>>> print(open('run_15.tsv').read())   # TSV, C-alpha atoms
chain	number	residue	atom	x	y	z
C	156	MET	CA	357.28	-10.85	-16.73
C	157	HIS	CA	360.07	-11.42	-14.30
C	158	GLY	CA	363.78	-12.08	-14.83
C	159	GLU	CA	366.75	-12.25	-12.49
C	160	TYR	CA	370.48	-12.30	-13.02
C	161	LYS	CA	373.10	-12.71	-10.31
C	162	THR	CA	376.54	-11.50	-11.33
C	163	PRO	CA	379.01	-14.16	-10.15
C	164	GLY	CA	380.67	-12.79	-7.02
C	165	GLY	CA	378.39	-9.76	-7.29
C	166	LYS	CA	374.77	-8.80	-6.79
C	167	LEU	CA	371.32	-9.71	-8.01
C	168	VAL	CA	369.43	-7.58	-10.51
C	169	VAL	CA	365.73	-8.16	-11.11
C	170	VAL	CA	363.51	-6.82	-13.88
C	171	ASP	CA	359.71	-6.90	-13.84
C	172	PHE	CA	357.58	-5.64	-16.74
C	173	GLU	CA	354.59	-6.19	-18.97
C	174	VAL	CA	354.72	-6.60	-22.72
C	175	ALA	CA	352.40	-4.59	-24.96
C	176	ASP	CA	352.80	-3.97	-28.71
C	177	GLU	CA	356.01	-6.01	-28.59
C	178	SER	CA	357.59	-3.53	-26.19
C	179	LEU	CA	358.41	-3.46	-22.49
C	180	ARG	CA	355.92	-1.50	-20.34
C	181	GLY	CA	355.74	-0.70	-16.65
C	182	VAL	CA	359.38	-1.64	-16.08
C	183	MET	CA	360.78	-2.04	-12.58
C	184	VAL	CA	364.50	-2.62	-12.01
C	185	SER	CA	365.39	-3.80	-8.52
C	186	GLY	CA	367.97	-5.81	-6.61
C	187	ASP	CA	370.67	-5.75	-3.96
C	188	PHE	CA	373.18	-3.84	-6.09
C	189	PHE	CA	374.58	-0.40	-5.30
C	190	LEU	CA	374.07	2.68	-7.41
C	191	HIS	CA	375.44	6.17	-6.81
C	192	PRO	CA	373.69	8.52	-7.05
C	193	GLU	CA	370.47	6.75	-6.09
C	194	GLU	CA	368.40	8.90	-8.46
C	195	ALA	CA	370.09	7.19	-11.42
C	196	LEU	CA	367.70	4.27	-10.90
C	197	ALA	CA	365.13	6.32	-12.81
C	198	ASP	CA	367.55	6.50	-15.76
C	199	LEU	CA	368.09	2.74	-15.69
C	200	THR	CA	364.36	2.12	-15.67
C	201	ALA	CA	363.63	4.68	-18.38
C	202	ALA	CA	366.23	3.00	-20.62
C	203	LEU	CA	364.12	-0.17	-20.66
C	204	GLU	CA	360.68	1.43	-20.88
C	205	GLY	CA	359.32	0.96	-24.40
C	206	LEU	CA	362.22	-1.32	-25.40
C	207	PRO	CA	361.28	-3.58	-28.33
C	208	THR	CA	361.21	-7.21	-27.23
C	209	ASP	CA	363.48	-8.35	-30.07
C	210	ARG	CA	366.58	-6.57	-28.76
C	211	THR	CA	369.62	-8.71	-27.92
C	212	GLU	CA	371.34	-8.75	-24.57
C	213	ALA	CA	374.19	-6.64	-25.96
C	214	GLU	CA	371.79	-4.09	-27.45
C	215	ILE	CA	369.95	-3.80	-24.15
C	216	ALA	CA	373.25	-3.38	-22.30
C	217	GLU	CA	374.30	-0.63	-24.69
C	218	ARG	CA	371.00	1.20	-24.19
C	219	VAL	CA	371.36	0.99	-20.39
C	220	ARG	CA	374.97	2.15	-20.52
C	221	THR	CA	374.08	5.15	-22.65
C	222	ALA	CA	371.21	6.11	-20.34
C	223	LEU	CA	373.33	6.12	-17.17
C	224	PRO	CA	374.68	9.56	-16.25
C	225	ARG	CA	378.42	9.81	-16.81
C	226	HIS	CA	379.16	10.26	-13.10
C	227	ALA	CA	376.91	7.38	-12.00
C	228	GLU	CA	378.50	4.25	-10.52
C	229	LEU	CA	376.78	0.90	-10.64
C	230	LEU	CA	378.34	-1.65	-8.28
C	231	GLY	CA	377.74	-5.39	-8.10
C	232	THR	CA	375.76	-5.51	-11.34
C	233	SER	CA	376.22	-4.14	-14.87
C	234	PRO	CA	374.38	-3.12	-18.03
C	235	GLU	CA	375.16	-6.62	-19.39
C	236	ALA	CA	373.58	-8.25	-16.32
C	237	ILE	CA	370.47	-6.11	-16.78
C	238	GLY	CA	370.36	-7.19	-20.43
C	239	ALA	CA	370.62	-10.81	-19.34
C	240	ALA	CA	367.79	-10.39	-16.81
C	241	VAL	CA	365.55	-8.86	-19.49
C	242	ARG	CA	366.29	-11.66	-21.96
C	243	ARG	CA	365.60	-14.26	-19.26
C	244	ALA	CA	362.27	-12.64	-18.42
C	245	LEU	CA	361.24	-12.64	-22.08
C	246	ALA	CA	362.42	-16.22	-22.54
C	247	SER	CA	360.64	-17.61	-19.53
C	248	GLY	CA	357.43	-15.60	-19.90
C	249	GLU	CA	356.96	-15.88	-16.15
C	250	THR	CA	354.34	-13.73	-14.52
C	251	ALA	CA	355.53	-10.99	-12.19
C	252	ASP	CA	354.34	-12.78	-9.06
C	253	GLY	CA	355.57	-16.17	-10.13
C	254	GLN	CA	358.87	-16.16	-8.32
C	255	GLY	CA	360.35	-14.85	-5.13
R	123	MET	CA	397.26	-4.66	13.26
R	124	ALA	CA	397.61	-1.46	15.25
R	125	LYS	CA	397.58	-3.04	18.70
R	126	ALA	CA	396.89	-6.41	20.20
R	127	ASP	CA	395.05	-6.27	23.50
R	128	GLU	CA	395.90	-8.22	26.63
R	129	ASN	CA	393.43	-10.94	25.81
R	130	GLY	CA	394.91	-12.03	22.65
R	131	ALA	CA	397.27	-11.83	19.86
R	132	ALA	CA	396.32	-10.69	16.44
R	133	LEU	CA	395.85	-14.18	15.13
R	134	TYR	CA	394.47	-13.32	11.76
R	135	SER	CA	395.63	-11.07	9.05
R	136	VAL	CA	394.79	-7.53	8.24
R	137	PRO	CA	398.10	-6.19	6.89
R	138	ASP	CA	399.76	-3.90	9.45
R	139	ALA	CA	400.84	-1.35	6.88
R	140	ALA	CA	397.35	-1.02	5.43
R	141	LEU	CA	395.83	-0.47	8.88
R	142	ASP	CA	398.50	2.07	9.81
R	143	LEU	CA	397.89	4.06	6.65
R	144	ALA	CA	394.17	3.95	7.29
R	145	ALA	CA	394.70	5.03	10.90
R	146	ASP	CA	396.21	8.34	9.80
R	147	ARG	CA	393.07	9.13	7.86
R	148	TRP	CA	390.75	8.14	10.72
R	149	ARG	CA	392.78	10.07	13.29
R	150	ALA	CA	392.44	13.29	11.31
R	151	TYR	CA	388.95	13.63	12.83
R	152	GLN	CA	387.51	13.96	16.34
R	153	TRP	CA	385.09	11.04	16.44
R	154	ARG	CA	381.92	10.99	18.53
R	155	LEU	CA	380.13	7.91	19.82
R	156	LEU	CA	376.34	7.64	19.94
R	157	PRO	CA	375.74	4.59	22.13
R	158	GLU	CA	372.96	2.09	21.68
R	159	VAL	CA	369.43	3.42	22.29
R	160	PRO	CA	366.51	1.15	21.35
R	161	ARG	CA	364.52	2.79	18.55
R	162	ARG	CA	361.72	1.85	16.21
R	163	PRO	CA	362.87	0.53	12.84
R	164	ALA	CA	361.68	3.61	10.92
R	165	ALA	CA	363.43	5.88	13.44
R	166	ASN	CA	366.72	4.09	12.81
R	167	MET	CA	366.26	4.65	9.06
R	168	ALA	CA	365.47	8.33	9.62
R	169	LEU	CA	368.46	8.87	11.91
R	170	ASP	CA	370.85	7.59	9.27
R	171	GLU	CA	369.67	10.18	6.79
R	172	ILE	CA	369.51	13.00	9.33
R	173	LEU	CA	372.98	12.39	10.76
R	174	THR	CA	374.57	11.92	7.33
R	175	GLU	CA	373.15	15.28	6.25
R	176	ARG	CA	374.30	16.98	9.43
R	177	VAL	CA	377.82	15.64	9.24
R	178	GLY	CA	377.90	16.68	5.58
R	179	ARG	CA	376.85	20.22	6.50
R	180	GLY	CA	379.35	20.40	9.34
R	181	GLU	CA	376.63	20.59	12.00
R	182	ARG	CA	377.82	17.43	13.75
R	183	PRO	CA	381.32	15.97	14.08
R	184	PRO	CA	382.06	12.63	12.41
R	185	THR	CA	380.19	10.01	14.38
R	186	LEU	CA	380.00	6.30	15.12
R	187	ARG	CA	376.47	5.25	16.09
R	188	ILE	CA	375.60	1.90	17.62
R	189	TRP	CA	372.07	0.94	16.69
R	190	GLY	CA	369.44	-0.27	19.12
R	191	TRP	CA	366.17	-1.89	18.11
R	192	SER	CA	362.83	-1.81	19.89
R	193	ALA	CA	361.17	-4.27	17.50
R	194	PRO	CA	362.00	-6.97	14.97
R	195	CYS	CA	362.00	-5.93	11.35
R	196	VAL	CA	363.13	-6.52	7.80
R	197	VAL	CA	365.30	-3.73	6.42
R	198	LEU	CA	365.23	-3.58	2.65
R	199	GLY	CA	368.01	-2.08	0.54
R	200	ARG	CA	367.23	1.12	-1.35
R	201	PHE	CA	366.79	-0.71	-4.67
R	202	GLN	CA	364.98	-3.86	-3.58
R	203	SER	CA	361.43	-4.74	-4.45
R	204	VAL	CA	359.17	-5.48	-1.46
R	205	ARG	CA	357.40	-8.42	-3.07
R	206	ASN	CA	360.57	-9.98	-4.41
R	207	GLU	CA	362.31	-9.91	-1.03
R	208	VAL	CA	359.67	-10.29	1.68
R	209	ASN	CA	356.74	-12.54	2.41
R	210	GLU	CA	354.60	-9.63	3.58
R	211	GLU	CA	351.76	-11.75	4.86
R	212	GLU	CA	354.09	-13.85	6.99
R	213	ALA	CA	355.90	-10.75	8.28
R	214	ARG	CA	352.61	-9.12	9.24
R	215	SER	CA	351.36	-12.20	11.04
R	216	LEU	CA	354.61	-12.40	13.00
R	217	GLY	CA	354.55	-8.70	13.89
R	218	ILE	CA	357.70	-7.98	11.92
R	219	ALA	CA	357.89	-4.48	10.47
R	220	ILE	CA	359.22	-3.82	6.97
R	221	VAL	CA	361.27	-0.69	6.38
R	222	ARG	CA	363.50	0.62	3.62
R	223	ARG	CA	366.89	2.21	4.21
R	224	ILE	CA	368.66	4.84	2.09
R	225	SER	CA	371.60	2.63	1.08
R	226	GLY	CA	371.72	-0.13	-1.50
R	227	GLY	CA	372.50	-3.77	-0.81
R	228	GLY	CA	370.44	-6.66	0.46
R	229	ALA	CA	367.59	-7.26	2.90
R	230	MET	CA	368.42	-7.78	6.57
R	231	PHE	CA	366.30	-9.69	8.99
R	232	VAL	CA	366.71	-8.06	12.39
R	233	GLN	CA	365.75	-9.24	15.85
R	234	PRO	CA	366.67	-6.74	18.59
R	235	ALA	CA	369.01	-9.12	20.45
R	236	GLY	CA	370.25	-10.85	17.33
R	237	ALA	CA	371.92	-8.10	15.34
R	238	ILE	CA	374.82	-5.75	15.89
R	239	THR	CA	374.55	-2.72	13.65
R	240	TYR	CA	376.56	0.46	13.56
R	241	SER	CA	376.73	3.48	11.30
R	242	ILE	CA	379.69	5.68	10.54
R	243	TYR	CA	378.92	9.21	9.37
R	244	ALA	CA	382.00	10.84	7.90
R	245	PRO	CA	382.98	13.68	5.61
R	246	GLU	CA	383.68	12.34	2.12
R	247	ALA	CA	387.22	13.69	2.57
R	248	LEU	CA	387.90	10.63	4.77
R	249	VAL	CA	387.88	8.50	1.63
R	250	THR	CA	389.23	11.04	-0.86
R	251	GLY	CA	390.85	9.40	-3.86
R	252	MET	CA	389.26	6.02	-3.21
R	253	SER	CA	386.83	4.30	-5.54
R	254	PHE	CA	383.49	3.30	-4.02
R	255	ALA	CA	384.76	-0.27	-3.89
R	256	ALA	CA	388.00	0.72	-2.14
R	257	SER	CA	386.08	2.78	0.39
R	258	TYR	CA	384.07	-0.28	1.48
R	259	ALA	CA	387.29	-2.11	2.28
R	260	PHE	CA	388.62	0.96	4.09
R	261	PHE	CA	385.49	1.39	6.25
R	262	ASP	CA	385.35	-2.29	7.19
R	263	ALA	CA	389.06	-2.83	7.94
R	264	TRP	CA	388.91	-1.74	11.58
R	265	VAL	CA	385.96	-3.97	12.45
R	266	VAL	CA	387.61	-6.95	10.79
R	267	ALA	CA	390.72	-6.26	12.90
R	268	ALA	CA	388.58	-5.88	16.03
R	269	LEU	CA	386.86	-9.21	15.33
R	270	ASN	CA	390.27	-10.81	14.82
R	271	GLN	CA	391.23	-9.61	18.30
R	272	LEU	CA	388.13	-11.37	19.62
R	273	GLY	CA	389.51	-14.56	18.10
R	274	VAL	CA	387.13	-14.60	15.13
R	275	ALA	CA	388.82	-15.40	11.82
R	276	ALA	CA	386.89	-12.64	10.10
R	277	SER	CA	387.88	-11.27	6.75
R	278	TYR	CA	386.58	-8.75	4.28
R	279	VAL	CA	385.27	-9.99	0.95
R	280	PRO	CA	384.54	-7.47	-1.80
R	281	LEU	CA	382.28	-5.72	-2.28
R	282	ASN	CA	380.66	-5.46	1.11
R	283	ASP	CA	380.79	-8.70	3.07
R	284	ILE	CA	382.46	-9.67	6.33
R	285	THR	CA	382.87	-13.39	6.42
R	286	SER	CA	384.72	-16.17	8.24
R	287	PRO	CA	385.41	-19.88	7.87
R	288	GLY	CA	382.41	-20.34	10.19
R	289	GLY	CA	380.08	-18.53	7.80
R	290	LYS	CA	379.09	-15.04	6.78
R	291	ILE	CA	379.11	-12.56	9.66
R	292	GLY	CA	377.71	-9.43	8.12
R	293	GLY	CA	377.49	-6.90	5.37
R	294	ALA	CA	377.88	-3.19	4.82
R	295	ALA	CA	376.23	-0.55	2.67
R	296	GLN	CA	376.86	3.08	1.86
R	297	ALA	CA	374.96	6.18	0.91
R	298	ARG	CA	376.30	9.66	0.23
R	299	ARG	CA	374.60	12.98	0.92
R	300	HIS	CA	375.78	16.60	1.03
R	301	GLY	CA	379.47	15.73	1.09
R	302	ALA	CA	379.15	13.00	3.71
R	303	VAL	CA	379.40	9.24	3.57
R	304	LEU	CA	377.15	6.92	5.51
R	305	HIS	CA	378.71	3.49	5.96
R	306	HIS	CA	376.65	1.09	8.01
R	307	THR	CA	377.38	-2.50	8.83
R	308	THR	CA	375.13	-5.17	10.26
R	309	MET	CA	376.53	-8.33	11.81
R	310	ALA	CA	374.64	-11.41	12.92
R	311	TYR	CA	374.99	-11.99	16.65
R	312	ASP	CA	372.37	-14.67	17.13
R	313	MET	CA	370.39	-15.65	14.07
R	314	ASP	CA	367.02	-17.39	14.02
R	315	VAL	CA	367.57	-18.76	10.52
R	316	PRO	CA	364.29	-20.72	10.25
R	317	LEU	CA	362.34	-17.57	11.17
R	318	MET	CA	364.39	-15.51	8.74
R	319	LEU	CA	363.61	-17.97	5.95
R	320	ARG	CA	359.87	-17.66	6.68
R	321	VAL	CA	360.03	-13.92	6.18
R	322	LEU	CA	362.70	-13.33	3.53
R	323	ARG	CA	362.47	-14.78	0.05
R	324	ILE	CA	365.85	-16.15	-0.93
R	325	GLY	CA	365.57	-17.39	-4.47
R	326	HIS	CA	367.71	-19.89	-6.31
R	327	GLU	CA	369.27	-17.22	-8.51
R	328	LYS	CA	370.61	-15.36	-5.47
R	329	LEU	CA	372.47	-18.47	-4.33
R	330	SER	CA	373.53	-19.49	-7.82
R	331	ASP	CA	377.21	-18.60	-7.43
R	332	LYS	CA	377.58	-19.58	-3.77
R	333	GLY	CA	377.99	-23.28	-4.24
R	334	MET	CA	376.06	-23.95	-1.04
R	335	ARG	CA	373.07	-26.11	-0.41
R	336	SER	CA	371.17	-23.89	1.97
R	337	ALA	CA	370.96	-20.35	3.29
R	338	GLU	CA	371.46	-21.78	6.78
R	339	LYS	CA	375.05	-22.71	6.01
R	340	ARG	CA	375.85	-19.18	4.97
R	341	VAL	CA	375.61	-17.56	8.41
R	342	GLY	CA	378.25	-17.58	11.18
R	343	PRO	CA	376.73	-15.57	14.05
R	344	LEU	CA	379.09	-13.93	16.54
R	345	ARG	CA	377.48	-15.50	19.59
R	346	GLN	CA	378.45	-18.90	18.28
R	347	GLN	CA	381.91	-17.71	17.25
R	348	THR	CA	382.86	-15.75	20.39
R	349	GLY	CA	380.79	-17.14	23.26
R	350	LEU	CA	380.55	-13.53	24.47
R	351	SER	CA	377.40	-11.57	25.28
R	352	ARG	CA	376.12	-9.15	22.67
R	353	ALA	CA	376.92	-6.20	24.97
R	354	THR	CA	380.49	-7.43	25.40
R	355	VAL	CA	381.03	-7.83	21.67
R	356	ILE	CA	379.77	-4.28	21.10
R	357	GLU	CA	381.92	-2.96	23.94
R	358	ARG	CA	385.02	-4.62	22.49
R	359	LEU	CA	384.36	-3.27	19.00
R	360	VAL	CA	383.85	0.24	20.36
R	361	SER	CA	387.01	-0.04	22.51
R	362	PHE	CA	388.99	-1.07	19.46
R	363	PHE	CA	387.77	1.97	17.55
R	364	ALA	CA	388.39	4.26	20.54
R	365	SER	CA	391.93	3.07	21.17
R	366	SER	CA	392.81	3.13	17.48
R	367	TYR	CA	391.29	6.43	16.40
R	368	GLY	CA	389.90	8.23	19.46
R	369	LEU	CA	386.21	8.47	20.37
R	370	GLN	CA	384.28	10.87	22.62
R	371	PRO	CA	380.94	9.82	24.15
R	372	ASP	CA	378.04	11.85	22.81
R	373	GLU	CA	374.27	11.92	22.62
R	374	LEU	CA	371.74	13.29	20.15
R	375	SER	CA	370.93	16.98	20.51
R	376	GLY	CA	367.33	17.96	21.21
R	377	ASP	CA	367.15	19.25	17.69
R	378	GLU	CA	368.37	15.96	16.21
R	379	GLU	CA	365.96	14.00	18.36
R	380	ALA	CA	363.06	16.20	17.20
R	381	ALA	CA	364.06	15.75	13.56
R	382	ILE	CA	363.52	11.96	13.80
R	383	GLU	CA	359.75	12.19	14.20
R	384	ARG	CA	359.43	14.61	11.29
R	385	ARG	CA	361.55	12.44	9.02
R	386	VAL	CA	359.61	9.32	9.94
R	387	SER	CA	356.24	10.93	9.18
R	388	GLU	CA	357.49	12.60	5.99
R	389	ARG	CA	359.43	9.68	4.59
R	390	PHE	CA	360.56	6.55	6.38
R	391	GLY	CA	357.18	5.71	7.88
R	392	THR	CA	355.27	6.26	4.63
R	393	LYS	CA	353.92	3.72	2.14
R	394	GLU	CA	355.29	5.86	-0.71
R	395	TRP	CA	358.83	5.29	0.54
R	396	LEU	CA	358.45	1.61	1.37
R	397	TYR	CA	356.72	0.82	-1.92
R	398	VAL	CA	358.89	3.05	-4.11
R	399	LEU	CA	359.79	-0.36	-5.59
R	400	PRO	CA	356.74	-2.52	-4.90
>>> encode(input="run_15.tsv", output="structure tokens")
Amino acid sequence: MHGEYKTPGGKLVVVDFEVADESLRGVMVSGDFFLHPEEALADLTAALEGLPTDRTEAEIAERVRTALPRHAELLGTSPEAIGAAVRRALASGETADGQG
Amino acid sequence: MAKADENGAALYSVPDAALDLAADRWRAYQWRLLPEVPRRPAANMALDEILTERVGRGERPPTLRIWGWSAPCVVLGRFQSVRNEVNEEEARSLGIAIVRRISGGGAMFVQPAGAITYSIYAPEALVTGMSFAASYAFFDAWVVAALNQLGVAASYVPLNDITSPGGKIGGAAQARRHGAVLHHTTMAYDMDVPLMLRVLRIGHEKLSDKGMRSAEKRVGPLRQQTGLSRATVIERLVSFFASSYGLQPDELSGDEEAAIERRVSERFGTKEWLYVLP
């Protein structure tokens, strides 16, 4: 599945994943945002791995926020935007290669 | 505006006081200039990491590098997915390389004569006390002022864009390593937009808040806006930096040059690096 969310005046965040046992698997978070330090991308991704598909946007955002190291800075996108991209992916049910 | 040159007034506005304050910070360092040398795309990626590390470790003075390109390419941001951003098949058939840089931000489509790119490698102390967002504005202020002197109504738009009434001119990105900041900026000099659109995927969502009908309308290349040659534009930007902050000509050491090949084969030329986000 594939979902995108562009923060108005900010950057695009994209999530790609599969769904198995009503959970997110094989999650990839990408986009033209900025993240310092770069290694924190692994924390963002891990926060979504195994996430039950019934979580709300706000719950997803909270999980992402908690997973980010305290010193990490995410610029141009946000935990809420990532939550929105995940919800969009689940809503549309698009395949990962369905959109560019 | 620190100074207006003989060719023109400072027609557009970067606040004088802000530039003067910034100038004190810039002038605290002895800046070196690495002039344009055509290099392979992966070598340009490698050099950014190598020079950032070396400035961070105090092995090289703070440096401004003008990029040269030996081949066309797509440069992906650190966090972009290859398949979401690039039509790989089309790129391959056109002989356009795909590389990934160490900084975040968006994909750039680069043709050697069509882009003006520079990197600034500086100790983090240059931007002490600034947020990441504030440091982008700080790093871009001089080039906006230099473009204004060329008669281009350029302005900085948070977080990392340089734009103008004639369209977007360029964008910047940063990475930090070992106590140093890399700030690099790419500006469109002469853009083959139809070719770019064959290679880059620009989805509807990306344009959703732009209120524009097409990607074509978003670009305002400097050739069109200045009527000057690419070399002249670069020379004027470098002169502005030199007269504002000081700049000594330099070249890569033998050791730095040798490090490029190693870094390309270990990292920037590898599939593992490019497809870290497939």
>>> residues_around(input="run_15.tsv", residues="stretch 186-192 of chain C", least_positions_apart="5", cutoff="6 Å", atoms="all atoms listed in the file", output="ChimeraX atom specification")
/C:166-169,227-231 /R:201-202,226-228
>>> closest_atom_pairs(input="run_15.tsv", of="chain R", to="chain C", cutoff="12 Å", atoms="only C-alpha atoms", output="Markdown table")
| residue | atom | partner | partner_atom | distance |
| --- | --- | --- | --- | --- |
| R:Val197 | CA | C:Asp187 | CA | 11.9 |
| R:Leu198 | CA | C:Asp187 | CA | 8.8 |
| R:Gly199 | CA | C:Asp187 | CA | 6.4 |
| R:Arg200 | CA | C:Glu193 | CA | 8.0 |
| R:Phe201 | CA | C:Ser185 | CA | 5.1 |
| R:Gln202 | CA | C:Gly186 | CA | 4.7 |
| R:Ser203 | CA | C:Ser185 | CA | 5.8 |
| R:Val204 | CA | C:Ser185 | CA | 9.6 |
| R:Arg205 | CA | C:Gly255 | CA | 7.4 |
| R:Asn206 | CA | C:Gly255 | CA | 4.9 |
| R:Glu207 | CA | C:Gly255 | CA | 6.7 |
| R:Val208 | CA | C:Gly255 | CA | 8.2 |
| R:Asn209 | CA | C:Gly255 | CA | 8.7 |
| R:Glu210 | CA | C:Gly255 | CA | 11.7 |
| R:Arg223 | CA | C:Glu193 | CA | 11.8 |
| R:Ile224 | CA | C:Glu193 | CA | 8.6 |
| R:Ser225 | CA | C:Phe189 | CA | 7.7 |
| R:Gly226 | CA | C:Phe189 | CA | 4.8 |
| R:Gly227 | CA | C:Asp187 | CA | 4.1 |
| R:Gly228 | CA | C:Asp187 | CA | 4.5 |
| R:Ala229 | CA | C:Asp187 | CA | 7.7 |
| R:Met230 | CA | C:Asp187 | CA | 11.0 |
| R:Ser253 | CA | C:Glu228 | CA | 9.7 |
| R:Phe254 | CA | C:Glu228 | CA | 8.2 |
| R:Ala255 | CA | C:Leu230 | CA | 7.9 |
| R:Ala256 | CA | C:Leu230 | CA | 11.7 |
| R:Tyr258 | CA | C:Leu230 | CA | 11.4 |
| R:Val279 | CA | C:Gly164 | CA | 9.6 |
| R:Pro280 | CA | C:Gly164 | CA | 8.4 |
| R:Leu281 | CA | C:Gly231 | CA | 7.4 |
| R:Asn282 | CA | C:Gly231 | CA | 9.7 |
| R:Asp283 | CA | C:Gly165 | CA | 10.7 |
| R:Gly293 | CA | C:Asp187 | CA | 11.6 |
| R:Ala294 | CA | C:Phe189 | CA | 11.0 |
| R:Ala295 | CA | C:Phe189 | CA | 8.1 |
| R:Gln296 | CA | C:Phe189 | CA | 8.3 |
| R:Ala297 | CA | C:His191 | CA | 7.7 |
| R:Arg298 | CA | C:Pro192 | CA | 7.8 |
| R:Arg299 | CA | C:Pro192 | CA | 9.2 |
| R:His300 | CA | C:Pro192 | CA | 11.6 |
| R:Val303 | CA | C:His191 | CA | 11.5 |
| R:Leu319 | CA | C:Gly255 | CA | 12.0 |
| R:Val321 | CA | C:Gly255 | CA | 11.4 |
| R:Leu322 | CA | C:Gly255 | CA | 9.1 |
| R:Arg323 | CA | C:Gly255 | CA | 5.6 |
| R:Ile324 | CA | C:Gly255 | CA | 7.0 |
| R:Gly325 | CA | C:Gly255 | CA | 5.8 |
| R:His326 | CA | C:Gly255 | CA | 9.0 |
| R:Glu327 | CA | C:Lys161 | CA | 6.2 |
| R:Lys328 | CA | C:Lys161 | CA | 6.1 |
| R:Leu329 | CA | C:Lys161 | CA | 8.3 |
| R:Ser330 | CA | C:Lys161 | CA | 7.2 |
| R:Asp331 | CA | C:Pro163 | CA | 5.5 |
| R:Lys332 | CA | C:Gly164 | CA | 8.1 |
| R:Gly333 | CA | C:Pro163 | CA | 10.9 |
| R:Tyr397 | CA | C:Met183 | CA | 11.8 |
| R:Val398 | CA | C:Met183 | CA | 10.1 |
| R:Leu399 | CA | C:Ser185 | CA | 7.2 |
| R:Pro400 | CA | C:Met183 | CA | 8.7 |
>>> residues_near_point(input="run_15.tsv", point="(370.0, 14.8, 10.5)", cutoff="12 Å", atoms="all atoms listed in the file", output="PDB file with C-alpha atoms, in the frame of the given file")
ATOM      1  CA  ALA R 165     363.430   5.880  13.440  1.00  0.00           C
ATOM      2  CA  ASN R 166     366.720   4.090  12.810  1.00  0.00           C
ATOM      3  CA  MET R 167     366.260   4.650   9.060  1.00  0.00           C
ATOM      4  CA  ALA R 168     365.470   8.330   9.620  1.00  0.00           C
ATOM      5  CA  LEU R 169     368.460   8.870  11.910  1.00  0.00           C
ATOM      6  CA  ASP R 170     370.850   7.590   9.270  1.00  0.00           C
ATOM      7  CA  GLU R 171     369.670  10.180   6.790  1.00  0.00           C
ATOM      8  CA  ILE R 172     369.510  13.000   9.330  1.00  0.00           C
ATOM      9  CA  LEU R 173     372.980  12.390  10.760  1.00  0.00           C
ATOM     10  CA  THR R 174     374.570  11.920   7.330  1.00  0.00           C
ATOM     11  CA  GLU R 175     373.150  15.280   6.250  1.00  0.00           C
ATOM     12  CA  ARG R 176     374.300  16.980   9.430  1.00  0.00           C
ATOM     13  CA  VAL R 177     377.820  15.640   9.240  1.00  0.00           C
ATOM     14  CA  GLY R 178     377.900  16.680   5.580  1.00  0.00           C
ATOM     15  CA  ARG R 179     376.850  20.220   6.500  1.00  0.00           C
ATOM     16  CA  GLY R 180     379.350  20.400   9.340  1.00  0.00           C
ATOM     17  CA  GLU R 181     376.630  20.590  12.000  1.00  0.00           C
ATOM     18  CA  ARG R 182     377.820  17.430  13.750  1.00  0.00           C
ATOM     19  CA  PRO R 183     381.320  15.970  14.080  1.00  0.00           C
ATOM     20  CA  THR R 185     380.190  10.010  14.380  1.00  0.00           C
ATOM     21  CA  TYR R 243     378.920   9.210   9.370  1.00  0.00           C
ATOM     22  CA  ARG R 299     374.600  12.980   0.920  1.00  0.00           C
ATOM     23  CA  HIS R 300     375.780  16.600   1.030  1.00  0.00           C
ATOM     24  CA  ALA R 302     379.150  13.000   3.710  1.00  0.00           C
ATOM     25  CA  LEU R 304     377.150   6.920   5.510  1.00  0.00           C
ATOM     26  CA  LEU R 374     371.740  13.290  20.150  1.00  0.00           C
ATOM     27  CA  SER R 375     370.930  16.980  20.510  1.00  0.00           C
ATOM     28  CA  GLY R 376     367.330  17.960  21.210  1.00  0.00           C
ATOM     29  CA  ASP R 377     367.150  19.250  17.690  1.00  0.00           C
ATOM     30  CA  GLU R 378     368.370  15.960  16.210  1.00  0.00           C
ATOM     31  CA  GLU R 379     365.960  14.000  18.360  1.00  0.00           C
ATOM     32  CA  ALA R 380     363.060  16.200  17.200  1.00  0.00           C
ATOM     33  CA  ALA R 381     364.060  15.750  13.560  1.00  0.00           C
ATOM     34  CA  ILE R 382     363.520  11.960  13.800  1.00  0.00           C
ATOM     35  CA  GLU R 383     359.750  12.190  14.200  1.00  0.00           C
ATOM     36  CA  ARG R 384     359.430  14.610  11.290  1.00  0.00           C
ATOM     37  CA  ARG R 385     361.550  12.440   9.020  1.00  0.00           C
ATOM     38  CA  VAL R 386     359.610   9.320   9.940  1.00  0.00           C
TER      39      VAL R 386
END
>>> atom_distance(input="run_15.tsv", atom1="atom CA of R:Phe261", atom2="atom CA of R:Phe363")
11.5 Å
>>> atom_distance(input="run_15.tsv", atom1="atom CA of R:Arg214", atom2="atom CA of R:Trp189")
23.1 Å
>>> atom_distance(input="run_15.tsv", atom1="atom CA of R:Ala364", atom2="atom CA of R:Ile238")
17.5 Å
>>> residues_around(input="run_15.tsv", residues="C:Ala197", least_positions_apart="2", cutoff="10 Å", atoms="only C-alpha atoms", output="ChimeraX atom specification")
/C:183-184,193-195,199-202,222-223
>>> write_last_selection(input="run_15.tsv", atoms="C-alpha atoms", output="compact mmCIF listing (two decimals), in the frame of the given file")
# COMPACT_ATOMS: atom_id res chain seq x y z
CA MET C 183 360.78 -2.04 -12.58
CA VAL C 184 364.50 -2.62 -12.01
CA GLU C 193 370.47 6.75 -6.09
CA GLU C 194 368.40 8.90 -8.46
CA ALA C 195 370.09 7.19 -11.42
CA LEU C 199 368.09 2.74 -15.69
CA THR C 200 364.36 2.12 -15.67
CA ALA C 201 363.63 4.68 -18.38
CA ALA C 202 366.23 3.00 -20.62
CA ALA C 222 371.21 6.11 -20.34
CA LEU C 223 373.33 6.12 -17.17
